[in-house]
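What follows is the content of entry-v2.cif, which has mmCIF, C-alpha atoms:
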```
data_my_file
#
loop_
_atom_site.label_atom_id
_atom_site.label_comp_id
_atom_site.auth_asym_id
_atom_site.auth_seq_id
_atom_site.Cartn_x
_atom_site.Cartn_y
_atom_site.Cartn_z
CA SER A 1 158.47 34.08 135.15
CA THR A 2 157.02 35.91 132.12
CA ALA A 3 153.56 34.60 133.01
CA LYS A 4 153.83 36.19 136.42
CA LEU A 5 154.91 39.46 134.83
CA TRP A 6 151.90 39.46 132.58
CA LEU A 7 149.59 39.00 135.54
CA ARG A 8 151.11 41.96 137.34
CA SER A 9 150.92 44.42 134.41
CA PRO A 10 147.99 46.83 134.41
CA LYS A 11 145.05 45.80 132.26
CA MET A 12 144.65 47.37 128.90
CA GLU A 13 141.84 49.93 128.79
CA GLN A 14 138.74 48.65 126.96
CA ASN A 15 138.73 51.44 124.33
CA GLY A 16 142.46 51.78 124.05
CA GLY A 17 142.67 55.14 125.84
CA LEU A 18 139.78 56.68 123.97
CA GLU A 19 137.21 56.55 126.78
CA GLY A 20 136.78 60.33 126.96
CA TYR A 21 136.45 60.64 123.21
CA VAL A 22 133.83 57.87 123.14
CA LYS A 23 131.80 59.57 125.89
CA VAL A 24 131.87 62.89 124.04
CA ARG A 25 130.82 61.26 120.76
CA ARG A 26 127.99 59.41 122.50
CA ALA A 27 126.71 62.67 124.03
CA GLU A 28 126.93 64.46 120.66
CA ASN A 29 125.07 61.61 118.99
CA GLU A 30 122.30 61.84 121.58
CA ASP A 31 122.07 65.60 120.98
CA ARG A 32 121.84 65.11 117.22
CA LYS A 33 119.26 62.37 117.69
CA TRP A 34 117.12 64.64 119.88
CA ALA A 35 117.46 67.55 117.44
CA ARG A 36 116.38 65.33 114.52
CA LYS A 37 113.33 64.09 116.45
CA ASN A 38 112.49 67.67 117.37
CA ARG A 39 112.72 68.81 113.71
CA GLN A 40 110.49 65.93 112.62
CA TRP A 41 107.97 66.81 115.30
CA VAL A 42 107.93 70.46 114.18
CA VAL A 43 107.46 69.44 110.53
CA LYS A 44 104.56 67.15 111.46
CA LYS A 45 103.01 69.92 113.52
CA VAL A 46 103.29 72.42 110.64
CA GLU A 47 101.82 69.91 108.16
CA ALA A 48 98.96 69.14 110.55
CA LYS A 49 98.29 72.87 110.87
CA LYS A 50 98.22 73.24 107.06
CA VAL A 51 95.78 70.35 106.72
CA GLU A 52 93.63 71.79 109.49
CA ASP A 53 93.61 75.22 107.81
CA GLU A 54 92.69 73.67 104.44
CA VAL A 55 89.83 71.74 106.01
CA ALA A 56 88.60 74.87 107.77
CA SER A 57 88.85 76.85 104.51
CA LYS A 58 86.91 74.21 102.58
CA LYS A 59 84.27 74.09 105.29
CA GLN A 60 83.99 77.89 105.23
CA LYS A 61 83.59 77.86 101.43
CA LEU A 62 80.91 75.16 101.65
CA ASP A 63 79.11 77.15 104.34
CA ASP A 64 79.28 80.27 102.17
CA VAL A 65 77.91 78.38 99.16
CA ALA A 66 75.13 76.87 101.27
CA GLU A 67 74.27 80.29 102.68
CA ALA A 68 74.21 81.83 99.20
CA ALA A 69 71.97 78.99 97.99
CA LYS A 70 69.67 79.56 100.95
CA LYS A 71 69.45 83.26 100.15
CA ALA A 72 68.79 82.48 96.49
CA ALA A 73 66.11 79.96 97.43
CA ALA A 74 64.58 82.43 99.85
CA ALA A 75 64.11 85.03 97.09
CA LYS A 76 60.79 84.38 95.35
CA PHE A 77 59.70 85.56 91.95
CA LYS A 78 57.15 88.35 92.28
CA PRO A 79 55.94 89.68 88.95
CA THR A 80 54.39 93.11 88.67
CA ALA A 81 50.66 93.53 88.33
CA ALA A 82 51.05 94.36 84.62
CA ALA A 83 53.08 91.17 84.07
CA LEU A 84 50.29 89.12 85.64
CA MET A 85 48.00 90.24 82.81
CA ASP A 86 50.60 90.03 79.97
CA PRO A 87 52.28 86.63 79.35
CA LYS A 88 55.20 88.17 77.42
CA ALA A 89 55.97 90.64 80.21
CA TYR A 90 55.62 87.84 82.79
CA PHE A 91 58.07 85.62 80.89
CA SER A 92 60.50 88.51 80.43
CA GLN A 93 60.46 89.30 84.15
CA TRP A 94 60.85 85.61 85.00
CA GLN A 95 63.90 85.35 82.70
CA GLN A 96 65.46 88.40 84.35
CA PHE A 97 64.81 86.92 87.78
CA SER A 98 66.18 83.46 86.95
CA GLY A 99 69.21 84.81 85.10
CA ALA A 100 68.45 82.91 81.88
CA PRO A 101 69.83 84.58 78.73
CA SER A 102 67.19 86.09 76.46
CA ALA A 103 67.31 86.02 72.65
CA GLY A 104 68.90 89.48 72.49
CA GLN A 105 71.78 88.62 74.83
CA GLY A 106 73.77 86.52 72.37
CA GLY A 107 72.64 83.10 73.48
CA GLY A 108 72.05 81.74 69.97
CA ALA A 109 73.85 81.80 66.64
CA GLY A 110 72.60 84.98 64.95
CA LYS A 111 73.88 87.04 62.06
CA GLY A 112 77.58 87.14 61.47
CA ARG A 113 78.31 83.88 63.24
CA GLY A 114 79.09 81.85 60.12
CA ARG A 115 76.06 79.59 60.27
CA GLY A 116 76.63 76.51 58.15
CA THR A 117 79.03 78.00 55.60
CA GLY A 118 81.89 75.63 56.38
CA VAL A 119 84.44 78.38 55.68
CA VAL A 120 86.61 79.84 58.40
CA SER A 121 87.06 83.62 58.31
CA GLY A 122 90.24 84.60 56.53
CA GLY A 123 90.69 81.12 55.08
CA SER A 124 91.54 80.10 51.54
CA GLY A 125 87.92 79.21 50.76
CA GLY A 126 88.56 75.47 50.89
CA PRO A 127 87.10 72.93 53.31
CA VAL A 128 87.80 73.52 56.99
CA ASN A 129 89.56 70.22 57.74
CA ALA A 130 91.38 69.81 54.43
CA ALA A 131 94.76 68.12 54.46
CA PRO A 132 97.74 70.32 53.44
CA ALA A 133 98.72 69.98 49.77
#
```

Entire entry expressed as structure tokens:
Amino acid sequence: STAKLWLRSPKMEQNGGLEGYVKVRRAENEDRKWARKNRQWVVKKVEAKKVEDEVASKKQKLDDVAEAAKKAAAAKFKPTAAALMDPKAYFSQWQQFSGAPSAGQGGGAGKGRGRGTGVVSGGSGGPVNAAPA
């Protein structure tokens, strides 16, 4: 008789009465999953834009350098008529054109530069790399 009673009783719900709660949680999980995917997509898009901007910037810089080099190559050295007759004047004008430093522009070690003395200004007069006593 108890077996017949068990067969007549209503079946137990699969989730123990929590069906509505489970459906809500599943929907919230789907929403969170979609939001996460959307955030990742936006981050990838922003990073791709940064990379694209960097590449464009580098290309622009290279184009500018190439254009400047073209302009520099296009400029030709044209000495004056007097410089054509005087080698010193010609060389001076050529140095100015090429941008090479001349002797008077501080290119070498002249007076007051401590040539070969081995003493550092303001030192104790001993060797430069002496070990402390």

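If you look at atom CA of Asn38 of chain A and atom CA of Arg26 of chain A, they are 18.3 Å away from each other.
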
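As for atom CA of Trp94 of chain A and atom CA of Lys78 of chain A, they are spaced 8.6 Å apart.
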
Taking the file as I've supplied it (selection: the PyMOL selection byres ((chain A and resi 98) around 12)), which residues are included? Please answer as a PDB file with C-alpha atoms, in the coordinates of the input.
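Output contents, as saved in result_37.pdb:
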```
ATOM      1  CA  ALA A  72      68.790  82.480  96.490  1.00  0.00           C
ATOM      2  CA  ALA A  73      66.110  79.960  97.430  1.00  0.00           C
ATOM      3  CA  ALA A  75      64.110  85.030  97.090  1.00  0.00           C
ATOM      4  CA  LYS A  76      60.790  84.380  95.350  1.00  0.00           C
ATOM      5  CA  PHE A  77      59.700  85.560  91.950  1.00  0.00           C
ATOM      6  CA  LYS A  78      57.150  88.350  92.280  1.00  0.00           C
ATOM      7  CA  PHE A  91      58.070  85.620  80.890  1.00  0.00           C
ATOM      8  CA  SER A  92      60.500  88.510  80.430  1.00  0.00           C
ATOM      9  CA  GLN A  93      60.460  89.300  84.150  1.00  0.00           C
ATOM     10  CA  TRP A  94      60.850  85.610  85.000  1.00  0.00           C
ATOM     11  CA  GLN A  95      63.900  85.350  82.700  1.00  0.00           C
ATOM     12  CA  GLN A  96      65.460  88.400  84.350  1.00  0.00           C
ATOM     13  CA  PHE A  97      64.810  86.920  87.780  1.00  0.00           C
ATOM     14  CA  GLY A  99      69.210  84.810  85.100  1.00  0.00           C
ATOM     15  CA  ALA A 100      68.450  82.910  81.880  1.00  0.00           C
ATOM     16  CA  PRO A 101      69.830  84.580  78.730  1.00  0.00           C
ATOM     17  CA  SER A 102      67.190  86.090  76.460  1.00  0.00           C
TER      18      SER A 102
END
```

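Between atom CA of Glu52 of chain A and atom CA of Ala35 of chain A the separation is 25.5 Å.
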